>>> print(open('upload_37.cif').read())   # mmCIF, N, CA and C atoms
data_run
#
loop_
_atom_site.label_atom_id
_atom_site.label_comp_id
_atom_site.auth_asym_id
_atom_site.auth_seq_id
_atom_site.Cartn_x
_atom_site.Cartn_y
_atom_site.Cartn_z
N MET A 101 -6.98 10.24 10.21
CA MET A 101 -6.94 8.95 10.89
C MET A 101 -6.66 9.18 12.38
N VAL A 102 -7.42 8.54 13.23
CA VAL A 102 -7.25 8.68 14.66
C VAL A 102 -6.22 7.67 15.14
N THR A 103 -5.26 8.15 15.90
CA THR A 103 -4.23 7.28 16.45
C THR A 103 -4.49 7.11 17.93
N SER A 104 -4.50 5.87 18.39
CA SER A 104 -4.77 5.61 19.80
C SER A 104 -3.54 5.94 20.65
N GLN A 105 -3.78 6.07 21.95
CA GLN A 105 -2.68 6.32 22.88
C GLN A 105 -1.65 5.20 22.81
N ILE A 106 -2.13 3.97 22.71
CA ILE A 106 -1.23 2.82 22.69
C ILE A 106 -0.35 2.86 21.44
N GLU A 107 -0.94 3.22 20.28
CA GLU A 107 -0.16 3.32 19.05
C GLU A 107 0.90 4.41 19.14
N LYS A 108 0.62 5.45 19.92
CA LYS A 108 1.59 6.54 20.10
C LYS A 108 2.64 6.20 21.16
N GLY A 109 2.48 5.05 21.83
CA GLY A 109 3.40 4.67 22.88
C GLY A 109 3.07 5.30 24.22
N ILE A 110 1.86 5.85 24.35
CA ILE A 110 1.41 6.46 25.59
C ILE A 110 0.53 5.45 26.33
N SER A 111 0.77 5.28 27.61
CA SER A 111 -0.01 4.33 28.38
C SER A 111 -1.43 4.82 28.57
N TRP A 112 -2.38 3.91 28.59
CA TRP A 112 -3.78 4.21 28.86
C TRP A 112 -4.00 4.43 30.34
N ALA A 113 -3.05 3.99 31.17
CA ALA A 113 -3.22 4.08 32.62
C ALA A 113 -2.90 5.47 33.13
N SER A 114 -3.57 5.87 34.21
CA SER A 114 -3.35 7.20 34.76
C SER A 114 -2.08 7.28 35.59
N SER A 115 -1.51 6.13 35.97
CA SER A 115 -0.25 6.11 36.72
C SER A 115 0.39 4.73 36.56
N PRO A 116 1.69 4.62 36.86
CA PRO A 116 2.33 3.30 36.79
C PRO A 116 1.69 2.28 37.74
N ALA A 117 1.25 2.74 38.91
CA ALA A 117 0.60 1.82 39.85
C ALA A 117 -0.71 1.29 39.30
N VAL A 118 -1.49 2.17 38.67
CA VAL A 118 -2.75 1.75 38.06
C VAL A 118 -2.46 0.78 36.93
N ARG A 119 -1.45 1.05 36.14
CA ARG A 119 -1.09 0.15 35.03
C ARG A 119 -0.76 -1.24 35.54
N ARG A 120 0.05 -1.34 36.59
CA ARG A 120 0.41 -2.65 37.17
C ARG A 120 -0.83 -3.37 37.69
N SER A 121 -1.69 -2.62 38.36
CA SER A 121 -2.91 -3.21 38.90
C SER A 121 -3.80 -3.75 37.78
N MET A 122 -4.00 -2.96 36.74
CA MET A 122 -4.88 -3.37 35.64
C MET A 122 -4.27 -4.54 34.86
N GLN A 123 -2.96 -4.57 34.72
CA GLN A 123 -2.34 -5.68 34.00
C GLN A 123 -2.51 -7.00 34.76
N GLY A 124 -2.73 -6.90 36.06
CA GLY A 124 -2.94 -8.10 36.87
C GLY A 124 -4.34 -8.67 36.74
N ASN A 125 -5.26 -7.93 36.14
CA ASN A 125 -6.63 -8.43 35.97
C ASN A 125 -6.66 -9.52 34.91
N ARG A 126 -7.41 -10.57 35.20
CA ARG A 126 -7.49 -11.70 34.29
C ARG A 126 -8.66 -11.53 33.32
N SER A 127 -8.47 -12.04 32.10
CA SER A 127 -9.57 -12.03 31.14
C SER A 127 -10.32 -13.37 31.17
N ARG A 128 -9.70 -14.36 31.78
CA ARG A 128 -10.34 -15.66 31.94
C ARG A 128 -9.89 -16.27 33.25
N ASP A 129 -10.59 -17.32 33.66
CA ASP A 129 -10.29 -17.99 34.93
C ASP A 129 -10.38 -17.04 36.13
N THR A 130 -11.36 -16.15 36.10
CA THR A 130 -11.59 -15.24 37.22
C THR A 130 -12.21 -16.03 38.37
N SER A 131 -12.19 -15.46 39.57
CA SER A 131 -12.77 -16.15 40.72
C SER A 131 -14.25 -16.49 40.52
N PRO A 132 -15.09 -15.56 40.04
CA PRO A 132 -16.49 -15.92 39.81
C PRO A 132 -16.65 -17.03 38.76
N GLU A 133 -15.85 -16.96 37.70
CA GLU A 133 -15.92 -17.98 36.65
C GLU A 133 -15.52 -19.34 37.22
N LEU A 134 -14.45 -19.39 37.99
CA LEU A 134 -14.00 -20.65 38.58
C LEU A 134 -15.04 -21.21 39.54
N GLN A 135 -15.71 -20.35 40.28
CA GLN A 135 -16.76 -20.79 41.20
C GLN A 135 -17.88 -21.49 40.43
N VAL A 136 -18.31 -20.91 39.35
CA VAL A 136 -19.38 -21.51 38.53
C VAL A 136 -18.89 -22.82 37.94
N ARG A 137 -17.69 -22.83 37.38
CA ARG A 137 -17.17 -24.05 36.75
C ARG A 137 -17.01 -25.17 37.76
N ARG A 138 -16.52 -24.85 38.96
CA ARG A 138 -16.35 -25.90 39.99
C ARG A 138 -17.69 -26.54 40.33
N TYR A 139 -18.72 -25.71 40.48
CA TYR A 139 -20.03 -26.26 40.81
C TYR A 139 -20.54 -27.15 39.67
N LEU A 140 -20.50 -26.64 38.46
CA LEU A 140 -21.01 -27.40 37.31
C LEU A 140 -20.26 -28.73 37.17
N HIS A 141 -18.96 -28.70 37.38
CA HIS A 141 -18.16 -29.93 37.28
C HIS A 141 -18.52 -30.88 38.41
N SER A 142 -18.76 -30.34 39.61
CA SER A 142 -19.05 -31.20 40.77
C SER A 142 -20.37 -31.95 40.62
N VAL A 143 -21.28 -31.42 39.80
CA VAL A 143 -22.56 -32.11 39.59
C VAL A 143 -22.52 -32.96 38.32
N GLY A 144 -21.33 -33.16 37.78
CA GLY A 144 -21.17 -34.09 36.67
C GLY A 144 -21.28 -33.50 35.27
N LEU A 145 -21.41 -32.21 35.15
CA LEU A 145 -21.51 -31.61 33.82
C LEU A 145 -20.12 -31.37 33.24
N ARG A 146 -20.01 -31.58 31.95
CA ARG A 146 -18.75 -31.33 31.25
C ARG A 146 -19.00 -30.28 30.18
N TYR A 147 -18.02 -29.46 29.96
CA TYR A 147 -18.17 -28.30 29.10
C TYR A 147 -16.81 -27.92 28.55
N ARG A 148 -16.82 -26.98 27.65
CA ARG A 148 -15.57 -26.41 27.12
C ARG A 148 -15.39 -25.04 27.77
N VAL A 149 -14.13 -24.66 27.93
CA VAL A 149 -13.81 -23.41 28.61
C VAL A 149 -13.15 -22.43 27.64
N HIS A 150 -13.62 -21.18 27.68
CA HIS A 150 -13.01 -20.09 26.91
C HIS A 150 -12.76 -20.51 25.45
N THR A 151 -13.84 -20.84 24.79
CA THR A 151 -13.74 -21.33 23.42
C THR A 151 -14.78 -20.66 22.54
N ARG A 152 -14.58 -20.78 21.24
CA ARG A 152 -15.50 -20.20 20.27
C ARG A 152 -16.70 -21.12 20.04
N PRO A 153 -17.91 -20.64 20.34
CA PRO A 153 -19.07 -21.47 20.03
C PRO A 153 -19.29 -21.57 18.53
N ILE A 154 -19.01 -20.49 17.80
CA ILE A 154 -19.12 -20.47 16.35
C ILE A 154 -17.69 -20.48 15.81
N LYS A 155 -17.32 -21.55 15.16
CA LYS A 155 -15.92 -21.79 14.81
C LYS A 155 -15.27 -20.69 13.96
N ASP A 156 -16.01 -20.11 13.04
CA ASP A 156 -15.40 -19.12 12.14
C ASP A 156 -15.56 -17.68 12.64
N TRP A 157 -15.85 -17.53 13.92
CA TRP A 157 -16.07 -16.20 14.48
C TRP A 157 -15.17 -16.01 15.68
N ASN A 158 -14.48 -14.89 15.75
CA ASN A 158 -13.47 -14.69 16.79
C ASN A 158 -14.07 -14.11 18.07
N ARG A 159 -15.06 -14.79 18.61
CA ARG A 159 -15.63 -14.44 19.91
C ARG A 159 -15.67 -15.70 20.75
N LYS A 160 -15.27 -15.57 22.00
CA LYS A 160 -15.24 -16.73 22.88
C LYS A 160 -16.21 -16.56 24.03
N ALA A 161 -16.71 -17.69 24.51
CA ALA A 161 -17.58 -17.69 25.69
C ALA A 161 -16.81 -18.31 26.85
N ASP A 162 -17.19 -17.94 28.07
CA ASP A 162 -16.50 -18.46 29.24
C ASP A 162 -16.72 -19.96 29.40
N ILE A 163 -17.96 -20.40 29.22
CA ILE A 163 -18.33 -21.82 29.37
C ILE A 163 -19.24 -22.17 28.20
N VAL A 164 -18.92 -23.28 27.53
CA VAL A 164 -19.70 -23.69 26.36
C VAL A 164 -20.14 -25.14 26.52
N PHE A 165 -21.43 -25.36 26.34
CA PHE A 165 -22.01 -26.70 26.33
C PHE A 165 -22.41 -26.98 24.88
N PRO A 166 -21.52 -27.57 24.07
CA PRO A 166 -21.80 -27.73 22.64
C PRO A 166 -23.05 -28.55 22.35
N ARG A 167 -23.24 -29.69 23.03
CA ARG A 167 -24.40 -30.54 22.75
C ARG A 167 -25.71 -29.84 23.08
N ALA A 168 -25.72 -29.07 24.15
CA ALA A 168 -26.92 -28.35 24.56
C ALA A 168 -27.03 -27.00 23.84
N LYS A 169 -26.01 -26.69 23.06
CA LYS A 169 -25.94 -25.43 22.31
C LYS A 169 -26.25 -24.24 23.22
N THR A 170 -25.52 -24.22 24.35
CA THR A 170 -25.70 -23.18 25.37
C THR A 170 -24.34 -22.62 25.76
N VAL A 171 -24.29 -21.29 25.89
CA VAL A 171 -23.07 -20.63 26.34
C VAL A 171 -23.36 -19.85 27.62
N VAL A 172 -22.33 -19.74 28.45
CA VAL A 172 -22.43 -18.99 29.70
C VAL A 172 -21.32 -17.95 29.71
N PHE A 173 -21.71 -16.72 30.01
CA PHE A 173 -20.76 -15.63 30.19
C PHE A 173 -20.83 -15.22 31.65
N VAL A 174 -19.67 -15.16 32.31
CA VAL A 174 -19.59 -14.70 33.69
C VAL A 174 -18.95 -13.31 33.64
N ASN A 175 -19.78 -12.29 33.74
CA ASN A 175 -19.33 -10.92 33.51
C ASN A 175 -18.96 -10.18 34.79
N GLY A 176 -17.87 -9.45 34.71
CA GLY A 176 -17.48 -8.55 35.78
C GLY A 176 -18.28 -7.27 35.67
N CYS A 177 -18.70 -6.73 36.81
CA CYS A 177 -19.56 -5.55 36.81
C CYS A 177 -18.88 -4.34 36.17
N PHE A 178 -17.60 -4.13 36.41
CA PHE A 178 -16.92 -2.98 35.82
C PHE A 178 -16.72 -3.18 34.32
N TRP A 179 -16.12 -4.29 33.94
CA TRP A 179 -15.71 -4.50 32.55
C TRP A 179 -16.87 -4.56 31.58
N HIS A 180 -18.02 -5.02 32.05
CA HIS A 180 -19.16 -5.20 31.14
C HIS A 180 -20.29 -4.21 31.41
N GLY A 181 -20.01 -3.19 32.22
CA GLY A 181 -20.98 -2.12 32.43
C GLY A 181 -22.27 -2.59 33.08
N CYS A 182 -22.16 -3.30 34.18
CA CYS A 182 -23.33 -3.81 34.90
C CYS A 182 -24.34 -2.70 35.13
N PRO A 183 -25.61 -2.92 34.75
CA PRO A 183 -26.63 -1.89 34.94
C PRO A 183 -26.87 -1.55 36.42
N GLU A 184 -26.54 -2.46 37.33
CA GLU A 184 -26.75 -2.22 38.76
C GLU A 184 -25.52 -1.62 39.45
N HIS A 185 -24.31 -2.05 39.05
CA HIS A 185 -23.14 -1.71 39.84
C HIS A 185 -22.05 -0.91 39.14
N TYR A 186 -22.16 -0.71 37.85
CA TYR A 186 -21.09 0.01 37.15
C TYR A 186 -21.03 1.45 37.63
N LYS A 187 -19.82 1.88 37.98
CA LYS A 187 -19.59 3.27 38.36
C LYS A 187 -18.51 3.82 37.46
N GLU A 188 -18.78 4.99 36.92
CA GLU A 188 -17.82 5.68 36.06
C GLU A 188 -16.52 5.91 36.84
N PRO A 189 -15.37 5.58 36.26
CA PRO A 189 -14.11 5.83 36.96
C PRO A 189 -13.91 7.34 37.18
N LYS A 190 -13.18 7.66 38.23
CA LYS A 190 -12.94 9.07 38.53
C LYS A 190 -11.77 9.64 37.73
N THR A 191 -10.88 8.77 37.27
CA THR A 191 -9.73 9.23 36.49
C THR A 191 -9.75 8.57 35.12
N ASN A 192 -9.14 9.24 34.18
CA ASN A 192 -8.96 8.74 32.81
C ASN A 192 -10.29 8.35 32.15
N THR A 193 -11.32 9.13 32.39
CA THR A 193 -12.65 8.81 31.84
C THR A 193 -12.67 8.87 30.31
N SER A 194 -11.78 9.65 29.72
CA SER A 194 -11.76 9.72 28.25
C SER A 194 -11.33 8.38 27.65
N TYR A 195 -10.63 7.56 28.42
CA TYR A 195 -10.26 6.22 27.96
C TYR A 195 -11.34 5.20 28.36
N TRP A 196 -11.71 5.21 29.66
CA TRP A 196 -12.57 4.15 30.19
C TRP A 196 -14.01 4.21 29.70
N SER A 197 -14.59 5.38 29.60
CA SER A 197 -15.99 5.46 29.16
C SER A 197 -16.21 4.85 27.79
N PRO A 198 -15.42 5.23 26.77
CA PRO A 198 -15.61 4.59 25.46
C PRO A 198 -15.28 3.09 25.47
N LYS A 199 -14.28 2.71 26.28
CA LYS A 199 -13.89 1.29 26.35
C LYS A 199 -15.04 0.45 26.88
N ILE A 200 -15.63 0.87 27.99
CA ILE A 200 -16.74 0.10 28.57
C ILE A 200 -17.94 0.12 27.64
N LYS A 201 -18.20 1.26 27.01
CA LYS A 201 -19.30 1.35 26.04
C LYS A 201 -19.09 0.35 24.90
N ARG A 202 -17.87 0.25 24.39
CA ARG A 202 -17.56 -0.72 23.32
C ARG A 202 -17.77 -2.15 23.82
N ASN A 203 -17.36 -2.43 25.06
CA ASN A 203 -17.56 -3.77 25.63
C ASN A 203 -19.04 -4.12 25.67
N VAL A 204 -19.87 -3.19 26.14
CA VAL A 204 -21.32 -3.43 26.23
C VAL A 204 -21.90 -3.66 24.83
N GLU A 205 -21.49 -2.85 23.87
CA GLU A 205 -21.96 -3.01 22.49
C GLU A 205 -21.52 -4.34 21.90
N ARG A 206 -20.27 -4.72 22.14
CA ARG A 206 -19.76 -5.99 21.64
C ARG A 206 -20.50 -7.17 22.27
N ASP A 207 -20.79 -7.06 23.58
CA ASP A 207 -21.56 -8.12 24.24
C ASP A 207 -22.93 -8.27 23.58
N ALA A 208 -23.61 -7.16 23.35
CA ALA A 208 -24.95 -7.20 22.73
C ALA A 208 -24.87 -7.83 21.34
N GLU A 209 -23.87 -7.45 20.57
CA GLU A 209 -23.69 -8.02 19.23
C GLU A 209 -23.41 -9.52 19.31
N THR A 210 -22.59 -9.91 20.27
CA THR A 210 -22.27 -11.33 20.46
C THR A 210 -23.52 -12.13 20.80
N PHE A 211 -24.30 -11.62 21.75
CA PHE A 211 -25.51 -12.34 22.18
C PHE A 211 -26.50 -12.46 21.02
N THR A 212 -26.66 -11.39 20.26
CA THR A 212 -27.58 -11.40 19.12
C THR A 212 -27.16 -12.44 18.09
N ARG A 213 -25.88 -12.46 17.76
CA ARG A 213 -25.40 -13.43 16.75
C ARG A 213 -25.56 -14.86 17.25
N LEU A 214 -25.19 -15.11 18.50
CA LEU A 214 -25.32 -16.46 19.03
C LEU A 214 -26.78 -16.92 19.01
N LYS A 215 -27.67 -16.05 19.45
CA LYS A 215 -29.10 -16.41 19.46
C LYS A 215 -29.61 -16.65 18.04
N SER A 216 -29.14 -15.86 17.08
CA SER A 216 -29.59 -16.05 15.70
C SER A 216 -29.09 -17.37 15.11
N GLU A 217 -28.02 -17.91 15.68
CA GLU A 217 -27.47 -19.19 15.23
C GLU A 217 -27.98 -20.36 16.07
N GLY A 218 -28.98 -20.08 16.93
CA GLY A 218 -29.63 -21.16 17.68
C GLY A 218 -29.02 -21.47 19.04
N TRP A 219 -28.14 -20.63 19.53
CA TRP A 219 -27.51 -20.84 20.84
C TRP A 219 -28.36 -20.20 21.93
N SER A 220 -28.39 -20.83 23.09
CA SER A 220 -28.97 -20.22 24.29
C SER A 220 -27.83 -19.48 24.98
N VAL A 221 -28.11 -18.26 25.42
CA VAL A 221 -27.09 -17.44 26.05
C VAL A 221 -27.50 -17.16 27.50
N ILE A 222 -26.60 -17.48 28.41
CA ILE A 222 -26.81 -17.22 29.84
C ILE A 222 -25.74 -16.25 30.29
N VAL A 223 -26.16 -15.15 30.89
CA VAL A 223 -25.21 -14.15 31.39
C VAL A 223 -25.33 -14.09 32.91
N LEU A 224 -24.21 -14.30 33.57
CA LEU A 224 -24.14 -14.17 35.02
C LEU A 224 -23.28 -12.95 35.34
N TRP A 225 -23.64 -12.25 36.39
CA TRP A 225 -22.85 -11.11 36.85
C TRP A 225 -22.12 -11.51 38.11
N GLU A 226 -20.93 -10.98 38.30
CA GLU A 226 -20.11 -11.36 39.44
C GLU A 226 -20.79 -11.09 40.78
N HIS A 227 -21.75 -10.16 40.83
CA HIS A 227 -22.42 -9.82 42.09
C HIS A 227 -23.56 -10.77 42.44
N GLU A 228 -23.95 -11.63 41.52
CA GLU A 228 -25.09 -12.51 41.75
C GLU A 228 -24.71 -13.70 42.65
N ASP A 229 -25.72 -14.37 43.16
CA ASP A 229 -25.51 -15.60 43.93
C ASP A 229 -25.15 -16.69 42.92
N LEU A 230 -23.85 -16.89 42.73
CA LEU A 230 -23.39 -17.77 41.66
C LEU A 230 -23.73 -19.23 41.91
N LYS A 231 -23.80 -19.66 43.15
CA LYS A 231 -24.16 -21.05 43.43
C LYS A 231 -25.60 -21.31 43.00
N LYS A 232 -26.49 -20.41 43.36
CA LYS A 232 -27.90 -20.55 42.99
C LYS A 232 -28.06 -20.51 41.47
N LYS A 233 -27.36 -19.58 40.82
CA LYS A 233 -27.43 -19.49 39.36
C LYS A 233 -26.84 -20.74 38.72
N SER A 234 -25.77 -21.26 39.28
CA SER A 234 -25.14 -22.47 38.74
C SER A 234 -26.08 -23.67 38.84
N GLU A 235 -26.83 -23.74 39.92
CA GLU A 235 -27.81 -24.82 40.08
C GLU A 235 -28.87 -24.75 38.99
N LYS A 236 -29.32 -23.53 38.68
CA LYS A 236 -30.31 -23.36 37.62
C LYS A 236 -29.73 -23.73 36.26
N ILE A 237 -28.47 -23.37 36.03
CA ILE A 237 -27.81 -23.74 34.77
C ILE A 237 -27.73 -25.26 34.66
N ALA A 238 -27.33 -25.93 35.74
CA ALA A 238 -27.20 -27.39 35.72
C ALA A 238 -28.54 -28.04 35.38
N THR A 239 -29.61 -27.57 35.98
CA THR A 239 -30.95 -28.12 35.70
C THR A 239 -31.31 -27.91 34.23
N ARG A 240 -31.04 -26.73 33.73
CA ARG A 240 -31.36 -26.40 32.34
C ARG A 240 -30.55 -27.26 31.36
N ILE A 241 -29.27 -27.41 31.61
CA ILE A 241 -28.40 -28.18 30.72
C ILE A 241 -28.83 -29.65 30.72
N ARG A 242 -29.14 -30.19 31.88
CA ARG A 242 -29.59 -31.60 31.94
C ARG A 242 -30.86 -31.81 31.11
N LYS A 243 -31.79 -30.86 31.19
CA LYS A 243 -33.02 -30.97 30.39
C LYS A 243 -32.70 -30.93 28.89
N LEU A 244 -31.82 -30.01 28.50
CA LEU A 244 -31.47 -29.89 27.09
C LEU A 244 -30.72 -31.13 26.59
N GLN A 245 -29.85 -31.67 27.40
CA GLN A 245 -29.07 -32.83 26.99
C GLN A 245 -29.90 -34.10 26.98
N ALA A 246 -31.02 -34.11 27.69
CA ALA A 246 -31.89 -35.29 27.74
C ALA A 246 -32.74 -35.42 26.49
N ARG A 247 -32.82 -34.36 25.71
CA ARG A 247 -33.64 -34.40 24.49
C ARG A 247 -33.12 -35.36 23.46
#
>>> encode(input="upload_37.cif", output="C-alpha cells")
Amino acid sequence: MVTSQIEKGISWASSPAVRRSMQGNRSRDTSPELQVRRYLHSVGLRYRVHTRPIKDWNRKADIVFPRAKTVVFVNGCFWHGCPEHYKEPKTNTSYWSPKIKRNVERDAETFTRLKSEGWSVIVLWEHEDLKKKSEKIATRIRKLQAR
C-alpha cells in the first residue's frame, strides 16, 4: 500500500514559505471567476455558484445555469494544466506533476459525464479575455433560456 506524504505527516511543500503561499490560494471565488460572475450578474443573468450540477455526484462547477443546463468552469492555468501556459514547477516535481496530471484527468472525466447527462460545458482559462468570453456566455444562456 502506498502512503502519501500527507498521511506520513510530511508536507507536500518544498519549504514553509511555499506552504504558506500555496495555502493562500483559493479553490473558489478567484479573481477571474469573480470577474466573470460580476459581468454575468450585471447583464441580468442569475446562476448558482460552486454547486453540483448532478446532485448525486461530488463534483462542483464554478457557475451553474440549471434551467439552461449549462456549467462554466473558470480554470487557472497552473492548476488545470493549461495547454498554452502550464509550466512544470522547478521544485517538488514528484508531487506536482502527478497532481496536475490527476487534475487534468478529473476535468476530462467531469466534462464527459456532464455532457453525457445533457449539460453544456464551457471552460474559460484565466489568461483569456474574460469580458469577451462572458459576453458570449450571456448570449448563449439567453438563447437557451428563451426556448
>>> closest_residue(input="upload_37.cif", among="A:Lys231, A:Lys187, A:His150, A:Arg128", to="Val171 (chain A)", atoms="only C-alpha atoms")
A:His150
>>> resolve_selection(input="upload_37.cif", expression="the PyMOL selection byres ((chain A and resi 160-164) around 6)", output="mmCIF file with N, CA and C atoms, keeping the file's coordinate frame")
data_model
loop_
_atom_site.group_PDB
_atom_site.id
_atom_site.type_symbol
_atom_site.label_atom_id
_atom_site.label_comp_id
_atom_site.auth_asym_id
_atom_site.auth_seq_id
_atom_site.Cartn_x
_atom_site.Cartn_y
_atom_site.Cartn_z
ATOM 1 N N TYR A 147 -18.020 -29.460 29.960
ATOM 2 C CA TYR A 147 -18.170 -28.300 29.100
ATOM 3 C C TYR A 147 -16.810 -27.920 28.550
ATOM 4 N N ARG A 148 -16.820 -26.980 27.650
ATOM 5 C CA ARG A 148 -15.570 -26.410 27.120
ATOM 6 C C ARG A 148 -15.390 -25.040 27.770
ATOM 7 N N VAL A 149 -14.130 -24.660 27.930
ATOM 8 C CA VAL A 149 -13.810 -23.410 28.610
ATOM 9 C C VAL A 149 -13.150 -22.430 27.640
ATOM 10 N N HIS A 150 -13.620 -21.180 27.680
ATOM 11 C CA HIS A 150 -13.010 -20.090 26.910
ATOM 12 C C HIS A 150 -12.760 -20.510 25.450
ATOM 13 N N THR A 151 -13.840 -20.840 24.790
ATOM 14 C CA THR A 151 -13.740 -21.330 23.420
ATOM 15 C C THR A 151 -14.780 -20.660 22.540
ATOM 16 N N ARG A 152 -14.580 -20.780 21.240
ATOM 17 C CA ARG A 152 -15.500 -20.200 20.270
ATOM 18 C C ARG A 152 -16.700 -21.120 20.040
ATOM 19 N N PRO A 153 -17.910 -20.640 20.340
ATOM 20 C CA PRO A 153 -19.070 -21.470 20.030
ATOM 21 C C PRO A 153 -19.290 -21.570 18.530
ATOM 22 N N ASN A 158 -14.480 -14.890 15.750
ATOM 23 C CA ASN A 158 -13.470 -14.690 16.790
ATOM 24 C C ASN A 158 -14.070 -14.110 18.070
ATOM 25 N N ARG A 159 -15.060 -14.790 18.610
ATOM 26 C CA ARG A 159 -15.630 -14.440 19.910
ATOM 27 C C ARG A 159 -15.670 -15.700 20.750
ATOM 28 N N PHE A 165 -21.430 -25.360 26.340
ATOM 29 C CA PHE A 165 -22.010 -26.700 26.330
ATOM 30 C C PHE A 165 -22.410 -26.980 24.880
ATOM 31 N N PRO A 166 -21.520 -27.570 24.070
ATOM 32 C CA PRO A 166 -21.800 -27.730 22.640
ATOM 33 C C PRO A 166 -23.050 -28.550 22.350
ATOM 34 N N THR A 170 -25.520 -24.220 24.350
ATOM 35 C CA THR A 170 -25.700 -23.180 25.370
ATOM 36 C C THR A 170 -24.340 -22.620 25.760
ATOM 37 N N VAL A 171 -24.290 -21.290 25.890
ATOM 38 C CA VAL A 171 -23.070 -20.630 26.340
ATOM 39 C C VAL A 171 -23.360 -19.850 27.620
ATOM 40 N N VAL A 172 -22.330 -19.740 28.450
ATOM 41 C CA VAL A 172 -22.430 -18.990 29.700
ATOM 42 C C VAL A 172 -21.320 -17.950 29.710
ATOM 43 N N PHE A 173 -21.710 -16.720 30.010
ATOM 44 C CA PHE A 173 -20.760 -15.630 30.190
ATOM 45 C C PHE A 173 -20.830 -15.220 31.650
ATOM 46 N N VAL A 174 -19.670 -15.160 32.310
ATOM 47 C CA VAL A 174 -19.590 -14.700 33.690
ATOM 48 C C VAL A 174 -18.950 -13.310 33.640
#
>>> select_by_dssp(input="upload_37.cif", residues="chain A", states="helix (DSSP H, G or I)", output="ChimeraX atom specification")
/A:116-123,131-142,193-216,230-246
>>> atom_distance(input="upload_37.cif", atom1="CA of Trp196 (chain A)", atom2="atom N of Asn175 (chain A)")
18.3 Å
>>> residues_near_point(input="upload_37.cif", point="(-22.3, -6.1, 23.2)", cutoff="12 Å", atoms="only C-alpha atoms", output="number ranges by chain")
A: 159, 173, 175, 179-182, 199-214, 223
>>> atom_distance(input="upload_37.cif", atom1="CA of Leu134 (chain A)", atom2="CA of Leu230 (chain A)")
10.3 Å
>>> resolve_selection(input="upload_37.cif", expression="the PyMOL selection byres ((chain A and resi 238-246) around 6.5)", output="JSON, numbers by chain")
{"A": [140, 167, 168, 233, 234, 235, 236, 237, 247]}
>>> select_by_dssp(input="upload_37.cif", residues="chain A", states="strand (DSSP E)", output="mmCIF file with N, CA and C atoms, in the frame of the given file")
data_model
loop_
_atom_site.group_PDB
_atom_site.id
_atom_site.type_symbol
_atom_site.label_atom_id
_atom_site.label_comp_id
_atom_site.auth_asym_id
_atom_site.auth_seq_id
_atom_site.Cartn_x
_atom_site.Cartn_y
_atom_site.Cartn_z
ATOM 1 N N ARG A 148 -16.820 -26.980 27.650
ATOM 2 C CA ARG A 148 -15.570 -26.410 27.120
ATOM 3 C C ARG A 148 -15.390 -25.040 27.770
ATOM 4 N N VAL A 149 -14.130 -24.660 27.930
ATOM 5 C CA VAL A 149 -13.810 -23.410 28.610
ATOM 6 C C VAL A 149 -13.150 -22.430 27.640
ATOM 7 N N HIS A 150 -13.620 -21.180 27.680
ATOM 8 C CA HIS A 150 -13.010 -20.090 26.910
ATOM 9 C C HIS A 150 -12.760 -20.510 25.450
ATOM 10 N N THR A 151 -13.840 -20.840 24.790
ATOM 11 C CA THR A 151 -13.740 -21.330 23.420
ATOM 12 C C THR A 151 -14.780 -20.660 22.540
ATOM 13 N N ALA A 161 -16.710 -17.690 24.510
ATOM 14 C CA ALA A 161 -17.580 -17.690 25.690
ATOM 15 C C ALA A 161 -16.810 -18.310 26.850
ATOM 16 N N ASP A 162 -17.190 -17.940 28.070
ATOM 17 C CA ASP A 162 -16.500 -18.460 29.240
ATOM 18 C C ASP A 162 -16.720 -19.960 29.400
ATOM 19 N N ILE A 163 -17.960 -20.400 29.220
ATOM 20 C CA ILE A 163 -18.330 -21.820 29.370
ATOM 21 C C ILE A 163 -19.240 -22.170 28.200
ATOM 22 N N VAL A 164 -18.920 -23.280 27.530
ATOM 23 C CA VAL A 164 -19.700 -23.690 26.360
ATOM 24 C C VAL A 164 -20.140 -25.140 26.520
ATOM 25 N N PHE A 165 -21.430 -25.360 26.340
ATOM 26 C CA PHE A 165 -22.010 -26.700 26.330
ATOM 27 C C PHE A 165 -22.410 -26.980 24.880
ATOM 28 N N THR A 170 -25.520 -24.220 24.350
ATOM 29 C CA THR A 170 -25.700 -23.180 25.370
ATOM 30 C C THR A 170 -24.340 -22.620 25.760
ATOM 31 N N VAL A 171 -24.290 -21.290 25.890
ATOM 32 C CA VAL A 171 -23.070 -20.630 26.340
ATOM 33 C C VAL A 171 -23.360 -19.850 27.620
ATOM 34 N N VAL A 172 -22.330 -19.740 28.450
ATOM 35 C CA VAL A 172 -22.430 -18.990 29.700
ATOM 36 C C VAL A 172 -21.320 -17.950 29.710
ATOM 37 N N PHE A 173 -21.710 -16.720 30.010
ATOM 38 C CA PHE A 173 -20.760 -15.630 30.190
ATOM 39 C C PHE A 173 -20.830 -15.220 31.650
ATOM 40 N N VAL A 174 -19.670 -15.160 32.310
ATOM 41 C CA VAL A 174 -19.590 -14.700 33.690
ATOM 42 C C VAL A 174 -18.950 -13.310 33.640
ATOM 43 N N ASN A 175 -19.780 -12.290 33.740
ATOM 44 C CA ASN A 175 -19.330 -10.920 33.510
ATOM 45 C C ASN A 175 -18.960 -10.180 34.790
ATOM 46 N N SER A 220 -28.390 -20.830 23.090
ATOM 47 C CA SER A 220 -28.970 -20.220 24.290
ATOM 48 C C SER A 220 -27.830 -19.480 24.980
ATOM 49 N N VAL A 221 -28.110 -18.260 25.420
ATOM 50 C CA VAL A 221 -27.090 -17.440 26.050
ATOM 51 C C VAL A 221 -27.500 -17.160 27.500
ATOM 52 N N ILE A 222 -26.600 -17.480 28.410
ATOM 53 C CA ILE A 222 -26.810 -17.220 29.840
ATOM 54 C C ILE A 222 -25.740 -16.250 30.290
ATOM 55 N N VAL A 223 -26.160 -15.150 30.890
ATOM 56 C CA VAL A 223 -25.210 -14.150 31.390
ATOM 57 C C VAL A 223 -25.330 -14.090 32.910
ATOM 58 N N LEU A 224 -24.210 -14.300 33.570
ATOM 59 C CA LEU A 224 -24.140 -14.170 35.020
ATOM 60 C C LEU A 224 -23.280 -12.950 35.340
ATOM 61 N N TRP A 225 -23.640 -12.250 36.390
ATOM 62 C CA TRP A 225 -22.850 -11.110 36.850
ATOM 63 C C TRP A 225 -22.120 -11.510 38.110
#
